[in-house]
file work_35.cif (mmCIF, C-alpha atoms and all ligand atoms)
data_protein
#
loop_
_atom_site.label_atom_id
_atom_site.label_comp_id
_atom_site.auth_asym_id
_atom_site.auth_seq_id
_atom_site.Cartn_x
_atom_site.Cartn_y
_atom_site.Cartn_z
CA MET A 159 -151.44 107.45 -9.94
CA LYS A 160 -149.27 104.54 -8.76
CA ALA A 161 -147.49 104.94 -5.43
CA ILE A 162 -145.61 102.89 -2.84
CA VAL A 163 -147.76 103.04 0.25
CA GLN A 164 -147.68 101.62 3.79
CA ASP A 165 -150.37 101.52 6.47
CA GLY A 166 -148.24 100.39 9.41
CA TYR A 167 -144.56 100.38 10.35
CA GLY A 168 -142.38 97.36 9.69
CA SER A 169 -139.98 95.64 7.26
CA PRO A 170 -140.15 96.32 3.48
CA ASP A 171 -142.97 93.73 3.42
CA VAL A 172 -145.36 96.46 4.61
CA LEU A 173 -144.92 98.33 1.31
CA GLU A 174 -147.57 98.04 -1.39
CA LEU A 175 -147.87 99.42 -4.89
CA ARG A 176 -151.30 101.04 -5.00
CA GLU A 177 -153.42 103.34 -7.10
CA ILE A 178 -154.09 106.60 -5.18
CA ASP A 179 -155.14 110.17 -6.00
CA ILE A 180 -152.61 112.61 -7.39
CA PRO A 181 -151.73 114.93 -4.46
CA THR A 182 -152.55 118.63 -4.46
CA PRO A 183 -149.57 120.94 -3.88
CA GLY A 184 -149.68 123.45 -1.03
CA ASP A 185 -149.16 127.15 -1.67
CA ASP A 186 -145.37 126.84 -1.38
CA GLN A 187 -145.05 123.49 -3.14
CA LEU A 188 -144.46 122.11 -6.60
CA LEU A 189 -146.34 119.17 -8.00
CA VAL A 190 -143.58 117.12 -9.60
CA ARG A 191 -144.06 114.33 -12.10
CA VAL A 192 -141.52 111.91 -10.67
CA HIS A 193 -138.99 110.36 -13.05
CA ALA A 194 -136.70 108.90 -10.39
CA ALA A 195 -136.45 108.74 -6.60
CA GLY A 196 -133.47 108.04 -4.33
CA VAL A 197 -133.14 105.42 -1.59
CA ASP A 198 -131.28 106.15 1.64
CA PRO A 199 -131.27 104.94 5.25
CA GLY A 200 -133.73 107.71 6.21
CA VAL A 201 -136.37 106.04 4.03
CA TRP A 202 -135.79 102.75 5.86
CA HIS A 203 -136.18 104.46 9.27
CA LEU A 204 -139.43 106.16 8.23
CA MET A 205 -140.75 102.85 6.89
CA ALA A 206 -139.74 100.85 9.98
CA GLY A 207 -140.73 103.56 12.47
CA GLU A 208 -137.36 103.03 14.15
CA PRO A 209 -135.81 104.34 16.24
CA TYR A 210 -139.15 104.78 17.98
CA MET A 211 -138.51 108.42 18.78
CA ILE A 212 -139.18 109.32 15.14
CA ARG A 213 -142.80 108.25 15.68
CA LEU A 214 -143.25 111.37 17.81
CA GLY A 215 -143.25 113.38 14.61
CA MET A 216 -144.33 110.82 12.03
CA GLY A 217 -147.26 109.11 13.79
CA PHE A 218 -147.46 106.62 16.67
CA ARG A 219 -149.38 103.66 15.24
CA GLY A 220 -148.63 104.21 11.58
CA PRO A 221 -147.11 106.87 9.36
CA LYS A 222 -149.14 110.05 8.86
CA GLU A 223 -147.62 110.24 5.38
CA PRO A 224 -148.28 106.81 3.88
CA VAL A 225 -146.29 107.31 0.66
CA LYS A 226 -142.58 106.48 1.02
CA GLY A 227 -139.53 108.21 -0.43
CA MET A 228 -137.66 111.52 -0.05
CA ASP A 229 -135.18 112.25 -2.87
CA VAL A 230 -136.86 113.09 -6.13
CA ALA A 231 -136.03 114.18 -9.67
CA GLY A 232 -138.69 115.01 -12.20
CA THR A 233 -140.64 117.59 -14.15
CA VAL A 234 -142.75 120.34 -12.62
CA GLU A 235 -146.39 119.75 -13.37
CA ALA A 236 -147.93 122.62 -11.37
CA VAL A 237 -146.88 125.17 -8.75
CA GLY A 238 -148.56 126.58 -5.61
CA LYS A 239 -149.64 130.22 -5.56
CA ASP A 240 -146.70 131.43 -3.45
CA VAL A 241 -144.03 129.69 -5.50
CA THR A 242 -141.63 131.77 -7.54
CA GLY A 243 -138.82 130.46 -9.65
CA PHE A 244 -140.44 127.39 -11.14
CA LYS A 245 -142.93 126.74 -13.91
CA PRO A 246 -144.53 123.64 -15.39
CA GLY A 247 -142.07 121.75 -17.55
CA ASP A 248 -138.98 122.67 -15.48
CA GLU A 249 -136.69 119.74 -14.68
CA VAL A 250 -135.96 119.77 -10.94
CA TYR A 251 -134.41 117.77 -8.13
CA GLY A 252 -135.04 117.98 -4.40
CA ALA A 253 -136.42 116.11 -1.41
CA ASP A 254 -139.71 115.87 0.46
CA LEU A 255 -141.96 113.15 1.81
CA GLY A 256 -143.80 110.99 -0.72
CA ALA A 257 -141.33 110.56 -3.62
CA TYR A 258 -142.13 106.91 -4.45
CA ALA A 259 -145.07 107.80 -6.65
CA GLU A 260 -145.82 109.04 -10.13
CA TYR A 261 -146.45 112.52 -8.70
CA ALA A 262 -145.08 114.12 -5.53
CA CYS A 263 -145.49 117.48 -3.80
CA VAL A 264 -142.12 119.07 -3.01
CA SER A 265 -141.58 122.30 -1.07
CA ALA A 266 -140.02 124.85 -3.41
CA GLY A 267 -137.38 125.65 -0.79
CA ARG A 268 -136.18 122.04 -0.94
CA CYS A 269 -135.91 122.00 -4.73
CA ALA A 270 -133.61 123.36 -7.45
CA PRO A 271 -133.08 122.94 -11.19
CA LYS A 272 -131.77 119.49 -12.05
CA PRO A 273 -128.06 119.54 -13.01
CA ALA A 274 -128.16 119.74 -16.79
CA ASN A 275 -125.55 117.03 -17.31
CA LEU A 276 -127.33 114.41 -15.18
CA SER A 277 -130.05 111.92 -16.00
CA PHE A 278 -133.08 111.95 -13.71
CA GLU A 279 -131.78 108.76 -12.08
CA GLN A 280 -128.43 110.39 -11.30
CA ALA A 281 -130.10 113.58 -10.03
CA ALA A 282 -132.38 111.62 -7.69
CA ALA A 283 -129.28 110.21 -5.98
CA VAL A 284 -128.07 113.64 -4.89
CA PRO A 285 -130.31 115.67 -2.53
CA VAL A 286 -130.17 113.98 0.91
CA SER A 287 -126.71 112.41 0.63
CA GLY A 288 -125.13 115.36 -1.21
CA CYS A 289 -126.51 117.98 1.19
CA THR A 290 -125.46 115.84 4.18
CA ALA A 291 -121.89 115.52 2.93
CA LEU A 292 -121.71 119.22 2.07
CA GLN A 293 -123.09 120.41 5.40
CA GLY A 294 -120.96 117.93 7.36
CA LEU A 295 -117.69 119.00 5.75
CA ARG A 296 -118.41 122.72 5.32
CA ASP A 297 -120.56 123.74 8.29
CA LYS A 298 -119.54 121.29 11.03
CA GLY A 299 -116.11 120.17 9.84
CA ARG A 300 -115.04 123.62 8.55
CA LEU A 301 -112.79 121.75 6.15
CA ARG A 302 -110.22 123.89 4.34
CA PRO A 303 -107.99 123.24 1.31
CA GLY A 304 -104.85 121.33 2.25
CA GLN A 305 -106.32 119.83 5.42
CA LYS A 306 -106.45 116.09 6.04
CA VAL A 307 -109.91 114.55 6.20
CA LEU A 308 -110.91 110.99 7.04
CA VAL A 309 -114.22 109.84 5.59
CA ILE A 310 -115.56 106.73 7.35
CA GLY A 311 -118.05 104.85 5.19
CA ALA A 312 -116.44 106.39 2.09
CA GLY A 313 -118.10 103.97 -0.35
CA GLY A 314 -121.65 104.64 0.80
CA GLY A 315 -124.32 107.18 -0.14
CA VAL A 316 -123.03 110.09 1.96
CA GLY A 317 -119.40 108.94 1.78
CA THR A 318 -119.10 108.98 -2.01
CA PHE A 319 -120.29 112.61 -2.04
CA ALA A 320 -118.03 113.53 0.90
CA VAL A 321 -114.91 112.13 -0.78
CA GLN A 322 -115.62 114.07 -3.99
CA LEU A 323 -116.55 117.33 -2.23
CA ALA A 324 -113.47 117.24 0.00
CA ALA A 325 -111.22 116.50 -2.99
CA ALA A 326 -112.93 119.31 -4.92
CA ILE A 327 -111.85 121.93 -2.38
CA GLY A 328 -108.30 120.57 -2.30
CA ALA A 329 -108.34 118.60 0.94
CA ASP A 330 -106.25 115.44 1.32
CA VAL A 331 -108.81 112.65 1.59
CA THR A 332 -108.43 109.26 3.26
CA GLY A 333 -111.40 106.95 2.81
CA VAL A 334 -112.35 104.08 5.11
CA CYS A 335 -114.36 101.29 3.48
CA SER A 336 -114.49 97.56 2.82
CA ALA A 337 -112.00 96.09 0.33
CA ALA A 338 -114.77 95.70 -2.25
CA LYS A 339 -115.19 99.49 -2.45
CA ALA A 340 -111.51 100.49 -2.29
CA ASP A 341 -111.05 101.00 -6.03
CA LEU A 342 -114.21 103.07 -6.25
CA VAL A 343 -113.20 105.30 -3.34
CA ARG A 344 -109.73 105.85 -4.81
CA SER A 345 -111.20 106.62 -8.22
CA ILE A 346 -113.40 109.44 -6.86
CA GLY A 347 -110.60 111.33 -5.15
CA ALA A 348 -109.22 109.61 -2.04
CA SER A 349 -105.42 109.73 -1.94
CA GLU A 350 -105.44 106.86 0.58
CA VAL A 351 -107.92 104.10 1.28
CA ILE A 352 -108.07 102.10 4.49
CA ASP A 353 -109.76 98.70 4.57
CA TYR A 354 -111.29 98.65 8.06
CA ALA A 355 -111.13 94.84 8.16
CA ARG A 356 -107.32 94.92 7.88
CA GLU A 357 -106.32 98.12 9.65
CA ASP A 358 -107.59 99.73 12.84
CA PHE A 359 -107.20 103.25 11.53
CA VAL A 360 -107.97 105.10 14.78
CA HIS A 361 -104.99 103.52 16.55
CA GLY A 362 -102.41 104.42 13.89
CA GLU A 363 -100.01 107.37 13.83
CA ARG A 364 -102.04 109.42 11.38
CA ARG A 365 -103.92 112.50 12.60
CA TYR A 366 -106.77 114.23 10.80
CA ASP A 367 -108.12 117.79 10.82
CA VAL A 368 -111.62 116.50 10.15
CA ILE A 369 -113.21 113.06 10.55
CA LEU A 370 -116.62 112.53 8.95
CA ASP A 371 -118.14 109.38 10.46
CA THR A 372 -121.08 107.84 8.62
CA ALA A 373 -120.61 104.33 10.05
CA GLY A 374 -121.03 105.13 13.77
CA ASN A 375 -119.30 102.07 15.13
CA ARG A 376 -115.98 103.37 16.48
CA PRO A 377 -115.55 104.50 20.09
CA LEU A 378 -115.62 108.29 20.33
CA THR A 379 -112.49 108.34 22.48
CA ALA A 380 -110.55 106.46 19.81
CA MET A 381 -111.70 108.79 17.04
CA ARG A 382 -110.85 111.76 19.23
CA ARG A 383 -107.29 110.49 19.51
CA ALA A 384 -107.04 110.39 15.70
CA LEU A 385 -107.75 114.15 15.48
CA THR A 386 -105.15 116.93 15.35
CA PRO A 387 -105.23 119.17 18.46
CA ALA A 388 -107.80 121.49 16.82
CA GLY A 389 -109.47 118.72 14.84
CA ARG A 390 -113.20 118.17 14.43
CA LEU A 391 -115.20 114.92 14.44
CA VAL A 392 -118.54 115.15 12.63
CA ILE A 393 -120.91 112.33 13.58
CA VAL A 394 -123.23 111.80 10.65
CA GLY A 395 -124.83 108.45 11.40
CA GLY A 396 -124.52 104.74 11.72
CA GLU A 397 -127.04 101.95 11.93
CA GLY A 398 -127.65 99.37 14.61
CA GLY A 399 -128.13 101.56 17.71
CA GLY A 400 -130.95 101.01 20.20
CA ARG A 401 -134.58 100.77 19.02
CA TRP A 402 -135.69 103.78 21.06
CA THR A 403 -133.16 106.45 20.11
CA GLY A 404 -130.88 104.60 17.66
CA GLY A 405 -128.04 105.37 20.06
CA PHE A 406 -127.90 108.87 18.57
CA LEU A 407 -128.82 110.88 21.68
CA GLU A 408 -126.39 108.93 23.86
CA ARG A 409 -123.61 109.41 21.34
CA MET A 410 -124.36 113.14 21.11
CA ALA A 411 -124.26 113.52 24.89
CA ARG A 412 -120.91 111.72 25.09
CA ALA A 413 -119.56 113.76 22.18
CA SER A 414 -120.51 117.02 23.95
CA ALA A 415 -118.87 115.86 27.17
CA LEU A 416 -115.66 114.84 25.37
CA SER A 417 -115.53 118.25 23.63
CA LEU A 418 -115.57 120.18 26.91
CA PHE A 419 -111.95 120.01 27.98
CA ALA A 420 -109.82 120.20 24.84
CA GLY A 421 -109.41 121.90 21.47
CA ARG A 422 -110.79 118.88 19.61
CA LYS A 423 -114.51 119.19 18.84
CA LEU A 424 -116.90 116.24 18.54
CA MET A 425 -120.34 117.06 17.19
CA GLY A 426 -123.40 115.61 15.52
CA LEU A 427 -124.94 116.68 12.23
CA SER A 428 -128.60 117.14 11.46
CA ALA A 429 -128.55 117.83 7.74
CA LYS A 430 -131.34 119.64 5.91
CA VAL A 431 -131.99 119.64 2.19
CA ASN A 432 -132.32 123.25 1.06
CA GLN A 433 -132.32 125.14 -2.20
CA LYS A 434 -129.09 127.03 -1.55
CA ASP A 435 -127.09 123.83 -1.10
CA LEU A 436 -128.83 122.08 -3.99
CA LEU A 437 -127.70 124.99 -6.19
CA ILE A 438 -124.13 124.62 -4.95
CA LEU A 439 -124.25 120.90 -5.70
CA GLN A 440 -125.78 121.64 -9.11
CA ASN A 441 -122.85 123.94 -9.94
CA LEU A 442 -120.25 121.43 -8.70
CA ILE A 443 -121.88 118.64 -10.69
CA GLU A 444 -122.14 120.72 -13.85
CA ALA A 445 -118.47 121.71 -13.41
CA GLY A 446 -117.58 118.00 -13.35
CA LYS A 447 -116.27 118.12 -9.75
CA VAL A 448 -118.91 115.77 -8.35
CA THR A 449 -120.70 112.85 -10.01
CA PRO A 450 -123.32 110.73 -8.26
CA ILE A 451 -122.27 107.10 -7.98
CA ILE A 452 -125.16 104.73 -8.59
CA ASP A 453 -124.95 101.06 -7.76
CA ARG A 454 -128.35 99.85 -8.96
CA THR A 455 -131.72 101.09 -10.13
CA TYR A 456 -135.06 99.39 -9.49
CA PRO A 457 -138.50 100.04 -10.99
CA LEU A 458 -141.14 101.63 -8.73
CA GLY A 459 -142.92 98.32 -8.18
CA GLU A 460 -139.71 96.87 -6.67
CA ALA A 461 -139.20 99.64 -4.10
CA ALA A 462 -139.19 97.07 -1.28
CA ALA A 463 -136.27 95.21 -2.90
CA ALA A 464 -134.43 98.50 -3.42
CA ILE A 465 -134.79 99.45 0.25
CA ARG A 466 -133.73 95.96 1.36
CA TYR A 467 -130.61 96.09 -0.81
CA MET A 468 -129.67 99.57 0.45
CA HIS A 469 -130.21 98.48 4.06
CA GLU A 470 -127.75 95.57 3.65
CA GLY A 471 -125.05 98.28 3.37
CA ARG A 472 -123.28 96.73 0.41
CA ALA A 473 -124.32 99.30 -2.21
CA ARG A 474 -121.48 101.15 -3.89
CA GLY A 475 -122.78 104.68 -3.65
CA LYS A 476 -126.52 105.05 -4.15
CA VAL A 477 -129.59 103.00 -5.00
CA VAL A 478 -132.26 104.68 -7.15
CA ILE A 479 -135.86 103.92 -8.07
CA THR A 480 -136.94 104.67 -11.61
CA VAL A 481 -140.55 105.72 -11.83
CA TYR A 482 -142.22 104.84 -15.08
CA GLY A 483 -145.29 107.03 -14.92
CA ALA A 484 -148.31 106.78 -17.12
CA PRO A 485 -148.20 109.03 -20.17
CA ARG A 486 -148.44 112.68 -19.16
CA PRO A 487 -152.13 113.30 -18.46
CA ALA A 488 -154.01 115.92 -20.45
CA ARG A 489 -154.25 118.58 -17.77
CA SER A 490 -157.86 119.54 -18.42
CA ARG A 491 -158.98 115.94 -17.91
CA SER A 492 -156.70 114.57 -15.24
CA LEU A 493 -155.97 117.36 -12.81
CA PRO A 494 -158.58 118.59 -10.36
CA SER A 495 -159.71 122.18 -10.84
CA ARG A 496 -157.48 123.66 -8.08
CA ARG A 497 -154.36 122.16 -9.56
CA ARG A 498 -155.33 123.26 -13.02
CA SER A 499 -155.59 126.87 -11.89
CA LEU A 500 -152.21 126.60 -10.09
CA SER A 501 -150.72 125.31 -13.28
CA GLU A 502 -152.11 128.18 -15.27
CA ARG A 503 -150.93 130.76 -12.75
CA ALA A 504 -147.42 129.35 -12.83
CA ALA A 505 -146.70 130.90 -16.20
CA GLY A 506 -145.95 134.23 -14.55
CA HIS A 507 -143.30 132.84 -12.21
CA LEU A 508 -140.45 131.99 -14.54
CA PRO A 509 -138.79 135.33 -15.34
CA ARG A 510 -138.32 136.28 -11.66
CA ALA A 511 -136.82 132.91 -11.04
CA THR A 512 -134.26 132.61 -13.70
CA ALA A 513 -132.37 135.68 -12.53
CA SER A 514 -132.00 134.36 -8.99
CA TRP A 515 -130.36 131.01 -9.86
CA GLY A 516 -127.03 132.69 -10.40
CA VAL A 517 -126.83 133.97 -6.80
CA ALA A 518 -125.81 130.87 -4.92
CA GLY A 519 -122.92 129.49 -6.85
CA TRP A 520 -119.54 127.85 -6.60
CA ASP A 521 -116.59 129.83 -7.86
CA GLY A 522 -113.99 127.19 -7.13
CA ALA A 523 -112.41 129.26 -4.36
CA GLY A 524 -113.70 127.24 -1.40
CA TRP A 525 -116.70 126.92 0.87
CA ALA A 526 -116.84 130.70 1.37
CA ALA A 527 -118.34 130.89 -2.08
CA ALA A 528 -121.37 129.15 -0.65
CA GLY A 529 -122.18 132.12 1.56
N1 LIG B 601 -127.12 113.22 10.37
C1 LIG B 601 -127.80 113.37 9.25
O1 LIG B 601 -128.37 114.42 8.98
C2 LIG B 601 -127.83 112.22 8.26
C3 LIG B 601 -128.20 112.42 6.93
C4 LIG B 601 -128.15 111.34 6.05
C5 LIG B 601 -127.77 110.07 6.50
N2 LIG B 601 -127.48 109.91 7.83
C6 LIG B 601 -127.04 108.61 8.35
O2 LIG B 601 -125.70 108.39 7.92
C7 LIG B 601 -125.46 107.00 7.81
C8 LIG B 601 -124.84 106.71 6.45
O3 LIG B 601 -125.77 107.01 5.43
P1 LIG B 601 -125.47 106.54 3.94
O4 LIG B 601 -126.58 107.02 3.09
O5 LIG B 601 -124.09 106.88 3.56
O6 LIG B 601 -125.60 104.94 4.13
P2 LIG B 601 -124.97 103.79 3.23
O7 LIG B 601 -125.07 104.16 1.80
O8 LIG B 601 -125.56 102.52 3.70
O9 LIG B 601 -123.42 103.83 3.59
C9 LIG B 601 -122.92 103.45 4.83
C10 LIG B 601 -121.53 102.89 4.59
O10 LIG B 601 -120.92 102.48 5.79
C11 LIG B 601 -120.01 101.47 5.44
N3 LIG B 601 -119.64 100.70 6.61
C12 LIG B 601 -120.32 99.71 7.24
N4 LIG B 601 -119.62 99.27 8.29
C13 LIG B 601 -118.48 100.01 8.34
C14 LIG B 601 -117.36 100.02 9.19
N5 LIG B 601 -117.24 99.19 10.20
N6 LIG B 601 -116.37 100.94 8.97
C15 LIG B 601 -116.45 101.79 7.92
N7 LIG B 601 -117.51 101.81 7.06
C16 LIG B 601 -118.50 100.92 7.28
C17 LIG B 601 -120.74 100.62 4.40
O11 LIG B 601 -119.93 100.05 3.38
P3 LIG B 601 -118.73 99.04 3.46
O12 LIG B 601 -118.71 98.45 4.84
O13 LIG B 601 -119.01 97.98 2.43
O14 LIG B 601 -117.52 99.84 3.12
C18 LIG B 601 -121.57 101.68 3.68
O15 LIG B 601 -120.96 102.05 2.44
C19 LIG B 601 -126.79 106.32 8.06
O16 LIG B 601 -126.85 105.89 9.40
C20 LIG B 601 -127.81 107.42 7.84
O17 LIG B 601 -129.01 107.20 8.57
C21 LIG B 601 -127.49 110.94 8.71
#
call {"tool": "encode", "arguments": {"input": "work_35.cif", "output": "structure tokens", "more": "lines below"}}
Ligand SMILES: NC(=O)c1ccc[n+]([C@@H]2O[C@H](COP(=O)([O-])OP(=O)(O)OC[C@H]3O[C@@H](n4cnc5c(N)ncnc54)[C@H](OP(=O)(O)O)[C@@H]3O)[C@@H](O)[C@H]2O)c1
result
Amino acid sequence: MKAIVQDGYGSPDVLELREIDIPTPGDDQLLVRVHAAGVDPGVWHLMAGEPYMIRLGMGFRGPKEPVKGMDVAGTVEAVGKDVTGFKPGDEVYGADLGAYAEYACVSAGRCAPKPANLSFEQAAAVPVSGCTALQGLRDKGRLRPGQKVLVIGAGGGVGTFAVQLAAAIGADVTGVCSAAKADLVRSIGASEVIDYAREDFVHGERRYDVILDTAGNRPLTAMRRALTPAGRLVIVGGEGGGRWTGGFLERMARASALSLFAGRKLMGLSAKVNQKDLLILQNLIEAGKVTPIIDRTYPLGEAAAAIRYMHEGRARGKVVITVYGAPRPARSRSLPSRRRSLSERAAGHLPRATASWGVAGWDGAGWAAAG
């Protein structure tokens, strides 16, 4: 199969389109024929090996997992022996390492049925950014209907989901973005939009119950002042910190210290893609409450250009890679014997699965519906 591979860390120049073996799914994984894959800053960090602390887990000299990509949407080709709920032919979306390839192994717990009303390209834009926005607003921000929320970086990957999710539960959303993205941010649910080049929003009179910061370039003390007395600042990210820690650890330590002596809480988010939240997003998307915003798509062979464009920070919403795989291989010829037997065993998994999809849903009443 074709895949985007790297041997060492560095700029997008280290990426190569190569022919490699189709991977074999583990017992709890799906082998997915990839139709589309998302691009987000996490992919850039894993490619660059920066901040350096990520090399502790990913490999010191070069990445242990050479195939790039996380967000994926595609068709299940085979399932591991412990997987329930999926069968070959199912259309799914999720996230795991190695998405920039014609086939990828995805843990079943990080996967869910693709929203029926989305194309594969749209679905591939959702997992990392959508789960991050959901977990930031719901779990850390504890955002409630009627509250005021400020989304910084509202026109970006996480921000465009955050604005829509907050509007969907009935919060009053103010988005902070460049002038070029103001119309977009207003159109997806922000009642007010602040152009950060013209207005220093943290020094104004307005106070917010929740601030979701994806840009990471405002002083914590200033953002703290913009919170209501019981307000919550959720630090999602921001680029341009130090090469060793990305500035994240320092910012977390300062946030904890600033939270000690007052009602206002400042905290970091470490989002995780999981099936429960993908199901919630699926329901919201199918209900028309959330729609992925896609700026551009690139073919698999131009993954380096896609990552470069995303890293410039000008994308309106998300960047997606479309994977044009070879025609579906005849299973008996193309799949090794272990995968063939996994594929055959998968037939018994569907009925158990279908019943469970209804459990984690969205009833329109608020985050509580998420359990
Ligand atoms: N904590 C976690 O679990 C987690 C998960 C996912 C992502 N992240 C991190 O979150 C950050 C955002 O991710 P993303 O996918 O949304 O990236 P993105 O698509 O590049 O969006 C970032 C946005 O920030 C905006 N921005 C840049 N400078 C700004 C400023 N001074 N004030 C306000 N906005 C500004 C950019 O647009 P404009 O300037 O043109 O408006 C851009 O839309 C990244 O650092 C990423 O690594 C963290």
call {"tool": "closest_residue", "arguments": {"input": "work_35.cif", "among": "A:Arg412, A:His361, A:Arg213, A:Lys306", "to": "Asp330 (chain A)", "atoms": "all atoms listed in the file"}}
result
A:Lys306
call {"tool": "atom_distance", "arguments": {"input": "work_35.cif", "atom1": "CA of Ala337 (chain A)", "atom2": "atom C18 of ligand LIG 601 (chain B)"}}
result
11.6 Å
call {"tool": "closest_atom_pairs", "arguments": {"input": "work_35.cif", "of": "chain A", "to": "ligand LIG 601 (chain B)", "cutoff": "7 Å", "atoms": "only C-alpha atoms and all ligand atoms", "output": "CSV"}}
result
residue,atom,partner,partner_atom,distance
A:Asp198,CA,B:LIG601,O4,5.0
A:Pro199,CA,B:LIG601,O17,4.6
A:Gly200,CA,B:LIG601,O17,5.3
A:Val286,CA,B:LIG601,C4,6.1
A:Ser287,CA,B:LIG601,C4,5.7
A:Thr290,CA,B:LIG601,C3,5.2
A:Ile310,CA,B:LIG601,C15,5.1
A:Gly311,CA,B:LIG601,N7,3.6
A:Ala312,CA,B:LIG601,O15,6.3
A:Gly313,CA,B:LIG601,O15,4.4
A:Gly314,CA,B:LIG601,O15,3.1
A:Gly315,CA,B:LIG601,O7,3.7
A:Val316,CA,B:LIG601,O5,3.7
A:Gly317,CA,B:LIG601,O5,5.4
A:Val334,CA,B:LIG601,C15,5.5
A:Cys335,CA,B:LIG601,O14,3.5
A:Ser336,CA,B:LIG601,O14,3.8
A:Ala338,CA,B:LIG601,O13,6.7
A:Lys339,CA,B:LIG601,O14,6.0
A:Tyr354,CA,B:LIG601,N6,5.6
A:Thr372,CA,B:LIG601,C8,4.5
A:Ala373,CA,B:LIG601,O10,4.7
A:Asn375,CA,B:LIG601,N5,6.1
A:Val394,CA,B:LIG601,N1,4.2
A:Gly395,CA,B:LIG601,O2,3.6
A:Gly396,CA,B:LIG601,O16,3.5
A:Glu397,CA,B:LIG601,O16,4.7
A:Gly426,CA,B:LIG601,N1,6.8
A:Leu427,CA,B:LIG601,N1,4.5
A:Ser428,CA,B:LIG601,O1,3.7
A:Ala429,CA,B:LIG601,O1,3.6
A:Lys430,CA,B:LIG601,O1,6.7
A:Met468,CA,B:LIG601,O8,6.0
A:His469,CA,B:LIG601,O8,6.2
A:Gly471,CA,B:LIG601,O8,4.3
A:Arg472,CA,B:LIG601,O13,4.9
A:Ala473,CA,B:LIG601,O7,6.3
A:Arg474,CA,B:LIG601,O15,6.4
A:Gly475,CA,B:LIG601,O7,5.9
A:Lys476,CA,B:LIG601,O7,6.2
call {"tool": "residues_near_point", "arguments": {"input": "work_35.cif", "point": "(-134.1, 120.0, -10.9)", "cutoff": "12 Å", "atoms": "only C-alpha atoms", "output": "ChimeraX atom specification"}}
result
/A:188,190-194,229-234,243-253,264,266,268-285,433,436-437,439-441,515
call {"tool": "atom_distance", "arguments": {"input": "work_35.cif", "atom1": "CA of Asp165 (chain A)", "atom2": "CA of Ala206 (chain A)"}}
result
11.2 Å
call {"tool": "residues_around", "arguments": {"input": "work_35.cif", "residues": "region 201-205 of chain A", "least_positions_apart": "2", "cutoff": "8 Å", "atoms": "all atoms listed in the file", "output": "list in words"}}
result
Gln164, Tyr167, Gly168, Ser169, Pro170, Val197, Asp198, Pro199, Gly207, Glu208, Pro209, Ile212, Met216, Pro221, Lys226, Gly227, Met228, Ile465 and His469 of chain A
call {"tool": "residues_around", "arguments": {"input": "work_35.cif", "residues": "region 176-184 of chain A", "least_positions_apart": "6", "cutoff": "8 Å", "atoms": "only C-alpha atoms", "output": "list in words"}}
result
Met159, Lys160, Ala161, Ile162, Val163, Ala236, Val237, Gly238, Tyr261, Ala262, Cys263, Val264, Leu493, Arg496 and Arg497 of chain A
call {"tool": "atom_distance", "arguments": {"input": "work_35.cif", "atom1": "CA of Ala329 (chain A)", "atom2": "CA of Asp453 (chain A)"}}
result
25.7 Å
call {"tool": "closest_residue", "arguments": {"input": "work_35.cif", "among": "A:Asp367, A:Glu174, A:Glu235, A:Asp240", "to": "Tyr258 (chain A)", "atoms": "only C-alpha atoms"}}
result
A:Glu174
call {"tool": "residues_around", "arguments": {"input": "work_35.cif", "residues": "Ala464 (chain A)", "least_positions_apart": "2", "cutoff": "10 Å", "atoms": "only C-alpha atoms", "output": "JSON, numbers by chain"}}
result
{"A": [170, 196, 197, 198, 454, 455, 456, 457, 458, 459, 460, 461, 462, 466, 467, 468, 469, 477, 478, 479]}
call {"tool": "closest_residue", "arguments": {"input": "work_35.cif", "among": "A:Ala388, A:Ile452, A:Ala380, A:Leu255", "to": "Val431 (chain A)", "atoms": "all atoms listed in the file"}}
result
A:Leu255
call {"tool": "closest_residue", "arguments": {"input": "work_35.cif", "among": "A:Cys289, A:Met211, A:Val241, A:Leu391", "to": "Lys434 (chain A)", "atoms": "all atoms listed in the file"}}
result
A:Cys289
call {"tool": "axis_aligned_box", "arguments": {"input": "work_35.cif", "around": "region 314-321 of chain A", "padding_each_side": "4 Å", "output": "AutoDock Vina command-line options"}}
result
--center_x -119.6 --center_y 109.1 --center_z 0.0 --size_x 17.4 --size_y 16.9 --size_z 12.0
call {"tool": "decode", "arguments": {"input": "work_35.cif", "residues": "region 373-378 of chain A", "atoms": "N, CA and C atoms", "output": "PDB file, in the first residue's frame"}}
result
ATOM      1  N   ALA A 373      -5.025  29.495  21.344  1.00  0.00           N
ATOM      2  CA  ALA A 373      -3.916  30.244  20.730  1.00  0.00           C
ATOM      3  C   ALA A 373      -2.693  30.323  21.651  1.00  0.00           C
ATOM      4  N   GLY A 374      -2.919  30.372  22.956  1.00  0.00           N
ATOM      5  CA  GLY A 374      -1.815  30.270  23.921  1.00  0.00           C
ATOM      6  C   GLY A 374      -0.861  31.439  23.946  1.00  0.00           C
ATOM      7  N   ASN A 375      -1.305  32.617  23.541  1.00  0.00           N
ATOM      8  CA  ASN A 375      -0.350  33.724  23.512  1.00  0.00           C
ATOM      9  C   ASN A 375      -0.812  34.943  24.318  1.00  0.00           C
ATOM     10  N   ARG A 376      -1.747  34.751  25.237  1.00  0.00           N
ATOM     11  CA  ARG A 376      -2.139  35.842  26.133  1.00  0.00           C
ATOM     12  C   ARG A 376      -1.624  35.543  27.533  1.00  0.00           C
ATOM     13  N   PRO A 377      -1.210  36.567  28.277  1.00  0.00           N
ATOM     14  CA  PRO A 377      -0.762  36.310  29.656  1.00  0.00           C
ATOM     15  C   PRO A 377      -1.904  35.711  30.481  1.00  0.00           C
ATOM     16  N   LEU A 378      -1.557  34.736  31.308  1.00  0.00           N
ATOM     17  CA  LEU A 378      -2.595  34.077  32.119  1.00  0.00           C
ATOM     18  C   LEU A 378      -3.292  35.069  33.042  1.00  0.00           C
TER      19      LEU A 378
END
